[in-house]
Amino acid sequence: MLKIDNLQARIEEKEILKGINLEIKPGEVHAIMGPNGSGKSTLASVLAGREDYEVTGGSVDFLGKDLLEMAPEDRAKEGLFLAFQYPVEIPGVSTTNFIKTAVNEKRKYQGLEPLDAAQFLKTMKEKMQLVQINQSLLSRSLNEGFSGGEKKRNEIFQMAMLEPKLGILDETDSGLDIDALRIVANGVNQLRSKDNAFLVVTHYQRLLDYIVPDFVHVLYNGKIVRSGTKELALELEEKGYDFIKAELEATTA
Amino acid sequence: MEITSLNKAFEQKRSGSATLGTFEEQNWSSFDQWGLPALKHEEWKYTRIRTLFKEGMLVDGAVSSLSEETIHQHFLPGELAANAVVFVNGIYQSALSHYTAGTDQLIVKSLETAAGDEDADFVKKHLGHSQQYHKDGINALNGAFAAGGVFIRAKKGKQVVDPVVIYHFSDSTTGFRFSQPRILVHAEAASELQILETYIRIGSEESLTNEVIEICAETDAHVHYVKLQNEGTGASHTGTTHIRQLGRCTTHAVTITLSGMLVRNNLNMIMEAANSESHMYGLYLLNGKTLADNHTIVDNQMPNCLSNELYKGIMDEESTGVFNGKIFVRQDAQKTNAYQSNKNILIGNQSSANTKPQLEIFADDVKCSHGCTVGKLDENALFYLKARGIPDDKAKALLLHAFAVDVLDQIKSDAIRAYADQLISERLSYSE
């Protein structure tokens, strides 16, 4: 589904990604962990197409297409979804209208008729239960005045509405208490299928208790330095990131 | 400043009005003395008004071939029940106007009539008050041609349910049309009145409308005023909306400018009674080479008043937005709360915004705040929308509409708000 080959990117003059290799197949959940500043969020942003970052090398194949050549909106319509670490507050744009526009843009791209009001409402009701999000929240301006937990639930709700093939969760757990974390993780788990995949970016192992990954990768200093199964996450939790750093220094020395 | 056609027009009508002749004469001599404002005039530094005045401009308002059918075609669409007041070339046309409100609620008559009947004292006392704030030739020139104007009175304790929609037609089929509508409004105690002014140019030549509307609101009156400008690129406008709060009351003004060549709006809120409230909202959504210049004045004269002001501008292409917000807090106006905000988004590479708050505070126990911003669309917000599959142009339109909507929301009448919203959505080429 997604094949990242030697991806390098920088912001202004600072190299952040220094050659990332990663392959994700349908049905898989991959977790990317790493200390602050390792490049986790940059990777998520580059994949979604944020223009602040300049890709300086490498390639990304998404469902047989060159992802890096696509505009952010086309990536979304092809089935890529980024759940933002910091969802943006947009006063004056109603959440419901926003989601309706997004859903129908995607349908148009797929050559489908737009959902009428009744169909849209029905779908919305179903997906709302998934993340236990309230109707009153959705009639408000997009994310405006939402609590941290409400914003994250809104991200997962949007993901449920758009049914992406690849969902990228950028530190979705940050700022969530355990109850909110459980709700969000539960939503994600219900969306998992053999046809879609998830890339979960996180600093802490805690989220991975609820969204159990098939593979765990450790990102450090712009590169994936170790890959393994979910046991690697537990090892990191126990020993901290310092043991990875120490290991690396030992091998380069 | 010598414009033969202006001089000739004034000579022709000189002393033609029995009731307003003196007022017109006084204004003509003030115009003579002050002339048209030049760029060096501080209040007009961005707005080159003199070049608009051309030799051969059509001044005589009585001459128009616009048929009733043409006029009615341009009435606002939809389900808008309204009291329609029609001006053609700056002259009030009673035969083309019609009212849904009875005369027990609403009186509309020519200003000349009002200046000679039961309203004579009121007219004498209040007509021309705006000149205290605008000692320039533009205001005086309008006064010199006041007799073609209209007088509107909402009666004591009455709610005029349907808005009073004032249509200003300019017939520029045969040449550059110069129109000078004059309006005096009296909202009596505890009356409720909505006014919408809108402008229509018919013909391919250019036009200039120089308007003065003076509104007096008495105790407990509610006046809600909307000015909607979408007259096309060949039309220029200089207008003063002067709202006086004679007693404790609440007044609203919403000014929306969507097109024009050169547009200058003066809006004055003169708060003469304690415990009053005034709200001023503006939206200018500009493209091409349009220049829209909003000059506002809030004059807090008495204690415990609240004034709130929010103007927003979106400038595309080579357009220019100007905002100048003056707030006076006089010595007696203790406990005043005065807020002002002006926000601008520049889209066009050649567009510009000039914004200037101007606070003059003479009382010592007041709360005043002001702020202005000039910026671009929020890149983070834009990326967020695009990351959900919304195309770039649509995402921008959504954000611009969202930026405009808190001004739009201030229009009280559902029909008028929906109409303005539709115009704006079309301009942003976005509709739900």
# chains A, B, ... in the order shown; residues from 1 in each chain; ligands from 1
>>> select_by_dssp(residues="region 7-251 of chain A", states="helix (DSSP H, G or I)", output="VMD selection string")
chain A and resid 40 to 48 67 to 69 72 to 78 95 to 109 117 to 130 135 to 138 148 to 162 178 to 191 206 to 210 230 to 239 242 to 251
>>> residues_around(residues="Val374 (chain B)", least_positions_apart="3", cutoff="8 Å", atoms="only C-alpha atoms", output="PDB file with all heavy atoms, in the first residue's frame")
ATOM      1  N   LYS B 343      -9.922  44.092  10.656  1.00  0.00           N
ATOM      2  CA  LYS B 343      -9.100  42.965  10.210  1.00  0.00           C
ATOM      3  C   LYS B 343      -9.114  42.889   8.699  1.00  0.00           C
ATOM      4  O   LYS B 343     -10.178  42.974   8.084  1.00  0.00           O
ATOM      5  CB  LYS B 343      -9.658  41.664  10.794  1.00  0.00           C
ATOM      6  CG  LYS B 343      -9.552  41.618  12.296  1.00  0.00           C
ATOM      7  CD  LYS B 343     -10.145  40.352  12.855  1.00  0.00           C
ATOM      8  CE  LYS B 343      -9.970  40.346  14.375  1.00  0.00           C
ATOM      9  NZ  LYS B 343     -10.701  39.253  15.002  1.00  0.00           N
ATOM     10  N   ASN B 344      -7.952  42.712   8.139  1.00  0.00           N
ATOM     11  CA  ASN B 344      -7.848  42.677   6.682  1.00  0.00           C
ATOM     12  C   ASN B 344      -7.111  41.441   6.208  1.00  0.00           C
ATOM     13  O   ASN B 344      -6.120  41.036   6.804  1.00  0.00           O
ATOM     14  CB  ASN B 344      -7.077  43.904   6.185  1.00  0.00           C
ATOM     15  CG  ASN B 344      -7.807  45.190   6.499  1.00  0.00           C
ATOM     16  OD1 ASN B 344      -8.756  45.550   5.806  1.00  0.00           O
ATOM     17  ND2 ASN B 344      -7.401  45.862   7.563  1.00  0.00           N
ATOM     18  N   ILE B 345      -7.587  40.890   5.100  1.00  0.00           N
ATOM     19  CA  ILE B 345      -6.863  39.807   4.434  1.00  0.00           C
ATOM     20  C   ILE B 345      -6.513  40.274   3.024  1.00  0.00           C
ATOM     21  O   ILE B 345      -7.384  40.723   2.279  1.00  0.00           O
ATOM     22  CB  ILE B 345      -7.713  38.524   4.363  1.00  0.00           C
ATOM     23  CG1 ILE B 345      -7.923  37.960   5.768  1.00  0.00           C
ATOM     24  CG2 ILE B 345      -7.031  37.477   3.485  1.00  0.00           C
ATOM     25  CD1 ILE B 345      -8.711  36.669   5.797  1.00  0.00           C
ATOM     26  N   LEU B 346      -5.251  40.198   2.698  1.00  0.00           N
ATOM     27  CA  LEU B 346      -4.820  40.557   1.346  1.00  0.00           C
ATOM     28  C   LEU B 346      -4.651  39.274   0.548  1.00  0.00           C
ATOM     29  O   LEU B 346      -3.920  38.378   0.948  1.00  0.00           O
ATOM     30  CB  LEU B 346      -3.488  41.308   1.392  1.00  0.00           C
ATOM     31  CG  LEU B 346      -3.482  42.638   2.149  1.00  0.00           C
ATOM     32  CD1 LEU B 346      -2.091  43.261   2.087  1.00  0.00           C
ATOM     33  CD2 LEU B 346      -4.507  43.600   1.578  1.00  0.00           C
ATOM     34  N   ALA B 353      -3.980  47.499   2.071  1.00  0.00           N
ATOM     35  CA  ALA B 353      -4.902  47.901   3.122  1.00  0.00           C
ATOM     36  C   ALA B 353      -4.256  49.009   3.935  1.00  0.00           C
ATOM     37  O   ALA B 353      -3.076  48.948   4.247  1.00  0.00           O
ATOM     38  CB  ALA B 353      -5.220  46.713   4.028  1.00  0.00           C
TER      39      ALA B 353
END
>>> residues_around(residues="region 151-160 of chain A", least_positions_apart="5", cutoff="7 Å", atoms="only C-alpha atoms", output="short mmCIF file (atom, residue, chain, number, x, y, z; two decimals) with N, CA, C and O atoms, in the first residue's frame")
data_model
loop_
_atom_site.label_atom_id
_atom_site.label_comp_id
_atom_site.auth_asym_id
_atom_site.auth_seq_id
_atom_site.Cartn_x
_atom_site.Cartn_y
_atom_site.Cartn_z
N PHE A 81 -5.23 9.71 5.08
CA PHE A 81 -5.84 10.59 6.09
C PHE A 81 -4.84 10.87 7.20
O PHE A 81 -4.26 9.94 7.77
N ALA A 83 -4.63 12.34 10.89
CA ALA A 83 -5.25 12.87 12.10
C ALA A 83 -4.23 13.79 12.75
O ALA A 83 -3.15 13.34 13.14
N PRO A 87 -5.27 19.76 15.81
CA PRO A 87 -6.34 20.12 14.88
C PRO A 87 -6.59 21.63 14.92
O PRO A 87 -6.55 22.25 15.99
N ILE A 99 -17.45 18.61 6.96
CA ILE A 99 -17.34 17.17 6.73
C ILE A 99 -18.14 16.76 5.49
O ILE A 99 -17.69 15.95 4.67
N LYS A 127 -21.44 6.95 12.53
CA LYS A 127 -20.03 7.17 12.86
C LYS A 127 -19.85 7.95 14.16
O LYS A 127 -18.81 7.84 14.82
N MET A 128 -20.87 8.75 14.49
CA MET A 128 -20.78 9.53 15.73
C MET A 128 -20.66 8.61 16.95
O MET A 128 -19.95 8.90 17.91
N VAL A 131 -17.08 7.20 18.05
CA VAL A 131 -16.18 7.97 18.92
C VAL A 131 -16.94 8.72 20.00
O VAL A 131 -16.40 9.60 20.65
N ILE A 133 -19.18 11.02 19.93
CA ILE A 133 -19.12 12.47 19.76
C ILE A 133 -20.56 13.00 19.71
O ILE A 133 -21.46 12.31 19.24
N ASN A 143 -13.84 22.81 15.42
CA ASN A 143 -12.85 22.75 16.50
C ASN A 143 -12.82 23.98 17.41
O ASN A 143 -12.03 24.03 18.36
N PHE A 146 -13.30 23.64 21.24
CA PHE A 146 -13.33 22.23 21.62
C PHE A 146 -12.22 21.97 22.64
O PHE A 146 -11.14 22.57 22.56
N THR A 172 -1.87 11.27 18.33
CA THR A 172 -3.27 11.43 18.70
C THR A 172 -3.45 11.29 20.21
O THR A 172 -4.39 11.83 20.78
N VAL A 184 -10.86 7.02 21.81
CA VAL A 184 -10.21 7.25 20.52
C VAL A 184 -9.67 5.94 19.96
O VAL A 184 -9.88 5.59 18.80
N GLY A 187 -12.35 3.68 18.71
CA GLY A 187 -12.81 4.12 17.39
C GLY A 187 -11.91 3.61 16.29
O GLY A 187 -12.37 3.07 15.28
N LEU A 191 -12.39 0.67 13.09
CA LEU A 191 -12.20 1.01 11.68
C LEU A 191 -11.20 0.06 11.00
O LEU A 191 -11.11 0.02 9.78
#
>>> interface_residues(of="chain A", to="chain B", cutoff="8 Å", atoms="only C-alpha atoms", output="number ranges by chain")
A: 48-50, 72-77, 81-82, 87-93, 101-102, 105-106
>>> residues_around(residues="Ala101 (chain B)", least_positions_apart="4", cutoff="9 Å", atoms="only C-alpha atoms", output="PDB file with all heavy atoms, in the first residue's frame")
ATOM      1  N   ALA B  82     -41.191  44.684   1.593  1.00  0.00           N
ATOM      2  CA  ALA B  82     -40.458  45.885   1.986  1.00  0.00           C
ATOM      3  C   ALA B  82     -41.229  47.145   1.679  1.00  0.00           C
ATOM      4  O   ALA B  82     -42.132  47.168   0.841  1.00  0.00           O
ATOM      5  CB  ALA B  82     -39.116  45.924   1.246  1.00  0.00           C
ATOM      6  N   ASN B  83     -40.859  48.173   2.400  1.00  0.00           N
ATOM      7  CA  ASN B  83     -41.295  49.511   2.061  1.00  0.00           C
ATOM      8  C   ASN B  83     -40.235  50.062   1.111  1.00  0.00           C
ATOM      9  O   ASN B  83     -39.112  50.321   1.516  1.00  0.00           O
ATOM     10  CB  ASN B  83     -41.370  50.364   3.326  1.00  0.00           C
ATOM     11  CG  ASN B  83     -42.392  49.806   4.301  1.00  0.00           C
ATOM     12  OD1 ASN B  83     -43.585  49.943   4.099  1.00  0.00           O
ATOM     13  ND2 ASN B  83     -41.912  49.141   5.349  1.00  0.00           N
ATOM     14  N   GLN B 105     -47.892  53.989  11.111  1.00  0.00           N
ATOM     15  CA  GLN B 105     -46.572  53.521  11.558  1.00  0.00           C
ATOM     16  C   GLN B 105     -45.432  54.305  10.921  1.00  0.00           C
ATOM     17  O   GLN B 105     -44.439  54.609  11.566  1.00  0.00           O
ATOM     18  CB  GLN B 105     -46.391  52.043  11.179  1.00  0.00           C
ATOM     19  CG  GLN B 105     -47.391  51.120  11.818  1.00  0.00           C
ATOM     20  CD  GLN B 105     -47.346  49.728  11.207  1.00  0.00           C
ATOM     21  OE1 GLN B 105     -46.690  49.494  10.196  1.00  0.00           O
ATOM     22  NE2 GLN B 105     -48.065  48.810  11.819  1.00  0.00           N
ATOM     23  N   LEU B 106     -45.612  54.548   9.635  1.00  0.00           N
ATOM     24  CA  LEU B 106     -44.492  55.075   8.859  1.00  0.00           C
ATOM     25  C   LEU B 106     -44.945  56.212   7.950  1.00  0.00           C
ATOM     26  O   LEU B 106     -45.935  56.080   7.224  1.00  0.00           O
ATOM     27  CB  LEU B 106     -43.925  53.934   7.986  1.00  0.00           C
ATOM     28  CG  LEU B 106     -42.713  54.256   7.120  1.00  0.00           C
ATOM     29  CD1 LEU B 106     -41.464  54.398   7.985  1.00  0.00           C
ATOM     30  CD2 LEU B 106     -42.497  53.143   6.076  1.00  0.00           C
ATOM     31  N   ILE B 107     -44.223  57.322   8.012  1.00  0.00           N
ATOM     32  CA  ILE B 107     -44.489  58.463   7.130  1.00  0.00           C
ATOM     33  C   ILE B 107     -43.299  58.613   6.193  1.00  0.00           C
ATOM     34  O   ILE B 107     -42.153  58.657   6.645  1.00  0.00           O
ATOM     35  CB  ILE B 107     -44.621  59.774   7.948  1.00  0.00           C
ATOM     36  CG1 ILE B 107     -45.720  59.668   9.007  1.00  0.00           C
ATOM     37  CG2 ILE B 107     -44.821  60.979   7.041  1.00  0.00           C
ATOM     38  CD1 ILE B 107     -47.113  59.732   8.475  1.00  0.00           C
ATOM     39  N   VAL B 160     -42.012  49.114  12.701  1.00  0.00           N
ATOM     40  CA  VAL B 160     -42.186  49.003  11.252  1.00  0.00           C
ATOM     41  C   VAL B 160     -41.613  47.638  10.883  1.00  0.00           C
ATOM     42  O   VAL B 160     -40.403  47.442  10.882  1.00  0.00           O
ATOM     43  CB  VAL B 160     -41.463  50.135  10.506  1.00  0.00           C
ATOM     44  CG1 VAL B 160     -41.673  50.004   9.001  1.00  0.00           C
ATOM     45  CG2 VAL B 160     -41.953  51.493  11.009  1.00  0.00           C
ATOM     46  N   VAL B 161     -42.501  46.674  10.627  1.00  0.00           N
ATOM     47  CA  VAL B 161     -42.077  45.277  10.526  1.00  0.00           C
ATOM     48  C   VAL B 161     -41.172  45.043   9.319  1.00  0.00           C
ATOM     49  O   VAL B 161     -40.064  44.521   9.445  1.00  0.00           O
ATOM     50  CB  VAL B 161     -43.306  44.344  10.461  1.00  0.00           C
ATOM     51  CG1 VAL B 161     -42.848  42.896  10.298  1.00  0.00           C
ATOM     52  CG2 VAL B 161     -44.147  44.505  11.715  1.00  0.00           C
ATOM     53  N   ASP B 162     -41.638  45.445   8.137  1.00  0.00           N
ATOM     54  CA  ASP B 162     -40.816  45.225   6.950  1.00  0.00           C
ATOM     55  C   ASP B 162     -39.752  46.314   6.841  1.00  0.00           C
ATOM     56  O   ASP B 162     -40.001  47.459   7.182  1.00  0.00           O
ATOM     57  CB  ASP B 162     -41.691  45.254   5.681  1.00  0.00           C
ATOM     58  CG  ASP B 162     -42.738  44.149   5.707  1.00  0.00           C
ATOM     59  OD1 ASP B 162     -42.440  43.090   6.280  1.00  0.00           O
ATOM     60  OD2 ASP B 162     -43.843  44.363   5.177  1.00  0.00           O
TER      61      ASP B 162
END
>>> atom_distance(atom1="CA of Gly371 (chain B)", atom2="CA of Ile327 (chain B)")
12.8 Å
>>> residues_around(residues="Ser38 (chain A)", least_positions_apart="2", cutoff="12 Å", atoms="only C-alpha atoms", output="mmCIF file with N, CA, C and O atoms, in the first residue's frame")
data_model
loop_
_atom_site.group_PDB
_atom_site.id
_atom_site.type_symbol
_atom_site.label_atom_id
_atom_site.label_comp_id
_atom_site.auth_asym_id
_atom_site.auth_seq_id
_atom_site.Cartn_x
_atom_site.Cartn_y
_atom_site.Cartn_z
ATOM 1 N N GLU A 15 17.977 19.672 7.959
ATOM 2 C CA GLU A 15 17.641 18.309 7.534
ATOM 3 C C GLU A 15 16.911 17.615 8.669
ATOM 4 O O GLU A 15 17.408 17.587 9.800
ATOM 5 N N ILE A 16 15.748 17.065 8.389
ATOM 6 C CA ILE A 16 15.018 16.373 9.462
ATOM 7 C C ILE A 16 14.880 14.890 9.177
ATOM 8 O O ILE A 16 15.176 14.064 10.029
ATOM 9 N N LEU A 17 14.439 14.563 7.980
ATOM 10 C CA LEU A 17 14.375 13.144 7.610
ATOM 11 C C LEU A 17 15.621 12.814 6.787
ATOM 12 O O LEU A 17 15.905 13.487 5.798
ATOM 13 N N LYS A 18 16.311 11.787 7.202
ATOM 14 C CA LYS A 18 17.619 11.520 6.573
ATOM 15 C C LYS A 18 17.671 10.150 5.908
ATOM 16 O O LYS A 18 18.694 9.467 5.965
ATOM 17 N N ILE A 20 14.378 7.620 5.146
ATOM 18 C CA ILE A 20 13.412 6.733 5.805
ATOM 19 C C ILE A 20 13.024 5.629 4.823
ATOM 20 O O ILE A 20 12.733 5.902 3.659
ATOM 21 N N ILE A 32 5.171 4.257 14.880
ATOM 22 C CA ILE A 32 6.471 4.926 14.831
ATOM 23 C C ILE A 32 6.678 5.606 16.169
ATOM 24 O O ILE A 32 5.863 6.418 16.596
ATOM 25 N N MET A 33 7.735 5.216 16.828
ATOM 26 C CA MET A 33 8.031 5.827 18.124
ATOM 27 C C MET A 33 9.380 6.523 18.040
ATOM 28 O O MET A 33 10.148 6.292 17.125
ATOM 29 N N GLY A 34 9.606 7.365 19.006
ATOM 30 C CA GLY A 34 10.900 8.038 19.005
ATOM 31 C C GLY A 34 10.870 9.223 19.941
ATOM 32 O O GLY A 34 9.799 9.716 20.302
ATOM 33 N N PRO A 35 12.046 9.663 20.354
ATOM 34 C CA PRO A 35 12.112 10.818 21.251
ATOM 35 C C PRO A 35 11.680 12.104 20.532
ATOM 36 O O PRO A 35 11.557 12.117 19.307
ATOM 37 N N ASN A 36 11.472 13.150 21.322
ATOM 38 C CA ASN A 36 11.108 14.441 20.725
ATOM 39 C C ASN A 36 12.180 14.890 19.747
ATOM 40 O O ASN A 36 13.372 14.709 19.993
ATOM 41 N N LYS A 40 9.323 12.357 13.857
ATOM 42 C CA LYS A 40 8.061 11.599 13.744
ATOM 43 C C LYS A 40 6.964 12.420 13.070
ATOM 44 O O LYS A 40 6.333 11.995 12.112
ATOM 45 N N SER A 41 6.748 13.632 13.605
ATOM 46 C CA SER A 41 5.663 14.447 13.081
ATOM 47 C C SER A 41 5.989 14.970 11.687
ATOM 48 O O SER A 41 5.100 15.153 10.863
ATOM 49 N N THR A 42 7.289 15.184 11.447
ATOM 50 C CA THR A 42 7.697 15.607 10.109
ATOM 51 C C THR A 42 7.318 14.549 9.082
ATOM 52 O O THR A 42 6.779 14.858 8.024
ATOM 53 N N LEU A 43 7.562 13.289 9.440
ATOM 54 C CA LEU A 43 7.222 12.199 8.525
ATOM 55 C C LEU A 43 5.720 12.219 8.215
ATOM 56 O O LEU A 43 5.314 12.154 7.048
ATOM 57 N N VAL A 201 1.771 7.348 15.030
ATOM 58 C CA VAL A 201 2.969 8.045 15.501
ATOM 59 C C VAL A 201 2.762 8.408 16.964
ATOM 60 O O VAL A 201 1.764 9.052 17.303
ATOM 61 N N THR A 202 3.669 7.952 17.812
ATOM 62 C CA THR A 202 3.474 8.266 19.227
ATOM 63 C C THR A 202 4.796 8.332 19.980
ATOM 64 O O THR A 202 5.801 7.749 19.568
ATOM 65 N N HIS A 203 4.749 9.040 21.049
ATOM 66 C CA HIS A 203 5.930 9.168 21.897
ATOM 67 C C HIS A 203 5.908 8.094 22.984
ATOM 68 O O HIS A 203 6.938 7.645 23.467
ATOM 69 N N VAL A 218 11.463 2.471 15.489
ATOM 70 C CA VAL A 218 12.011 3.558 16.295
ATOM 71 C C VAL A 218 12.703 4.546 15.377
ATOM 72 O O VAL A 218 13.604 4.192 14.614
ATOM 73 N N LEU A 219 12.222 5.765 15.465
ATOM 74 C CA LEU A 219 12.804 6.827 14.653
ATOM 75 C C LEU A 219 13.747 7.634 15.534
ATOM 76 O O LEU A 219 13.372 8.057 16.635
ATOM 77 N N TYR A 220 14.955 7.796 15.067
ATOM 78 C CA TYR A 220 15.901 8.591 15.850
ATOM 79 C C TYR A 220 16.775 9.377 14.891
ATOM 80 O O TYR A 220 17.337 8.808 13.950
ATOM 81 N N ASN A 221 16.851 10.665 15.127
ATOM 82 C CA ASN A 221 17.710 11.521 14.321
ATOM 83 C C ASN A 221 17.451 11.357 12.812
ATOM 84 O O ASN A 221 18.364 11.273 12.003
ATOM 85 N N GLY A 222 16.148 11.273 12.450
ATOM 86 C CA GLY A 222 15.781 11.278 11.042
ATOM 87 C C GLY A 222 15.867 9.949 10.335
ATOM 88 O O GLY A 222 15.700 9.878 9.116
ATOM 89 N N LYS A 223 16.158 8.883 11.103
ATOM 90 C CA LYS A 223 16.230 7.562 10.477
ATOM 91 C C LYS A 223 15.504 6.534 11.336
ATOM 92 O O LYS A 223 15.422 6.693 12.553
ATOM 93 N N ILE A 224 15.022 5.462 10.682
ATOM 94 C CA ILE A 224 14.480 4.345 11.462
ATOM 95 C C ILE A 224 15.673 3.494 11.885
ATOM 96 O O ILE A 224 16.391 2.936 11.046
ATOM 97 N N VAL A 225 15.896 3.437 13.197
ATOM 98 C CA VAL A 225 17.097 2.756 13.680
ATOM 99 C C VAL A 225 16.811 1.344 14.171
ATOM 100 O O VAL A 225 17.723 0.523 14.301
ATOM 101 N N TYR A 241 14.330 5.887 25.858
ATOM 102 C CA TYR A 241 14.981 6.020 24.562
ATOM 103 C C TYR A 241 16.503 6.022 24.686
ATOM 104 O O TYR A 241 17.212 5.842 23.702
ATOM 105 N N LYS A 245 19.828 5.164 22.073
ATOM 106 C CA LYS A 245 20.921 6.110 21.794
ATOM 107 C C LYS A 245 22.265 5.485 22.146
ATOM 108 O O LYS A 245 23.226 5.558 21.383
#
>>> residues_around(residues="Lys100 (chain A)", least_positions_apart="4", cutoff="9 Å", atoms="only C-alpha atoms", output="ChimeraX atom specification")
/A:95-96,104-105,115,120
>>> write_last_selection(atoms="all heavy atoms", output="mmCIF file, in the first residue's frame")
data_model
loop_
_atom_site.group_PDB
_atom_site.id
_atom_site.type_symbol
_atom_site.label_atom_id
_atom_site.label_comp_id
_atom_site.auth_asym_id
_atom_site.auth_seq_id
_atom_site.Cartn_x
_atom_site.Cartn_y
_atom_site.Cartn_z
ATOM 1 N N THR A 95 -18.753 22.481 11.494
ATOM 2 C CA THR A 95 -18.124 21.165 11.417
ATOM 3 C C THR A 95 -18.891 20.263 10.451
ATOM 4 O O THR A 95 -18.294 19.582 9.622
ATOM 5 C CB THR A 95 -18.100 20.534 12.825
ATOM 6 O OG1 THR A 95 -17.519 21.480 13.714
ATOM 7 C CG2 THR A 95 -17.288 19.263 12.850
ATOM 8 N N THR A 96 -20.199 20.291 10.562
ATOM 9 C CA THR A 96 -21.016 19.418 9.713
ATOM 10 C C THR A 96 -20.843 19.764 8.237
ATOM 11 O O THR A 96 -20.623 18.884 7.406
ATOM 12 C CB THR A 96 -22.500 19.541 10.114
ATOM 13 O OG1 THR A 96 -22.600 19.300 11.511
ATOM 14 C CG2 THR A 96 -23.347 18.535 9.370
ATOM 15 N N ASN A 104 -18.225 14.701 0.107
ATOM 16 C CA ASN A 104 -18.723 14.782 -1.272
ATOM 17 C C ASN A 104 -17.627 15.079 -2.295
ATOM 18 O O ASN A 104 -17.718 14.656 -3.442
ATOM 19 C CB ASN A 104 -19.873 15.779 -1.362
ATOM 20 C CG ASN A 104 -21.165 15.179 -0.818
ATOM 21 O OD1 ASN A 104 -21.345 13.955 -0.849
ATOM 22 N ND2 ASN A 104 -22.045 16.020 -0.310
ATOM 23 N N GLU A 105 -16.590 15.794 -1.870
ATOM 24 C CA GLU A 105 -15.442 15.992 -2.766
ATOM 25 C C GLU A 105 -14.798 14.641 -3.080
ATOM 26 O O GLU A 105 -14.402 14.370 -4.212
ATOM 27 C CB GLU A 105 -14.398 16.918 -2.128
ATOM 28 C CG GLU A 105 -14.738 18.395 -2.194
ATOM 29 C CD GLU A 105 -14.799 18.942 -3.623
ATOM 30 O OE1 GLU A 105 -14.067 18.424 -4.503
ATOM 31 O OE2 GLU A 105 -15.586 19.871 -3.868
ATOM 32 N N LEU A 115 -23.725 12.559 -1.504
ATOM 33 C CA LEU A 115 -24.742 12.075 -0.568
ATOM 34 C C LEU A 115 -25.806 13.143 -0.396
ATOM 35 O O LEU A 115 -25.492 14.322 -0.272
ATOM 36 C CB LEU A 115 -24.105 11.789 0.797
ATOM 37 C CG LEU A 115 -23.175 10.589 0.927
ATOM 38 C CD1 LEU A 115 -22.714 10.460 2.379
ATOM 39 C CD2 LEU A 115 -23.880 9.307 0.483
ATOM 40 N N PHE A 120 -26.502 11.479 4.245
ATOM 41 C CA PHE A 120 -25.364 12.026 4.992
ATOM 42 C C PHE A 120 -25.632 11.954 6.495
ATOM 43 O O PHE A 120 -24.775 11.554 7.278
ATOM 44 C CB PHE A 120 -25.093 13.467 4.555
ATOM 45 C CG PHE A 120 -23.980 14.119 5.322
ATOM 46 C CD1 PHE A 120 -22.659 13.786 5.064
ATOM 47 C CD2 PHE A 120 -24.253 15.045 6.315
ATOM 48 C CE1 PHE A 120 -21.622 14.364 5.783
ATOM 49 C CE2 PHE A 120 -23.229 15.625 7.037
ATOM 50 C CZ PHE A 120 -21.911 15.286 6.762
#
>>> residues_around(residues="Lys230 (chain A)", least_positions_apart="4", cutoff="7 Å", atoms="only C-alpha atoms", output="ChimeraX atom specification")
/A:213-216,234
>>> select_by_dssp(residues="region 81-202 of chain A", states="strand (DSSP E)", output="count of residues only")
21
>>> decode(residues="region 151-159 of chain B", atoms="N, CA and C atoms", output="compact mmCIF listing (two decimals), in the first residue's frame")
# COMPACT_ATOMS: atom_id res chain seq x y z
N PHE B 151 -38.00 62.49 3.43
CA PHE B 151 -38.11 62.50 4.89
C PHE B 151 -38.87 61.25 5.32
N ILE B 152 -38.32 60.54 6.30
CA ILE B 152 -38.93 59.29 6.76
C ILE B 152 -39.12 59.37 8.27
N ARG B 153 -40.32 59.02 8.71
CA ARG B 153 -40.54 59.04 10.16
C ARG B 153 -41.24 57.76 10.62
N ALA B 154 -40.61 57.09 11.61
CA ALA B 154 -41.25 55.94 12.24
C ALA B 154 -41.96 56.46 13.47
N LYS B 155 -43.23 56.12 13.59
CA LYS B 155 -44.03 56.75 14.65
C LYS B 155 -43.79 56.14 16.02
N LYS B 156 -44.05 56.96 17.00
CA LYS B 156 -43.79 56.63 18.40
C LYS B 156 -44.39 55.28 18.78
N GLY B 157 -43.55 54.43 19.33
CA GLY B 157 -44.02 53.14 19.84
C GLY B 157 -44.36 52.11 18.78
N LYS B 158 -44.13 52.43 17.51
CA LYS B 158 -44.53 51.50 16.45
C LYS B 158 -43.33 50.71 15.93
N GLN B 159 -43.60 49.45 15.65
CA GLN B 159 -42.59 48.64 15.00
C GLN B 159 -42.91 48.59 13.51
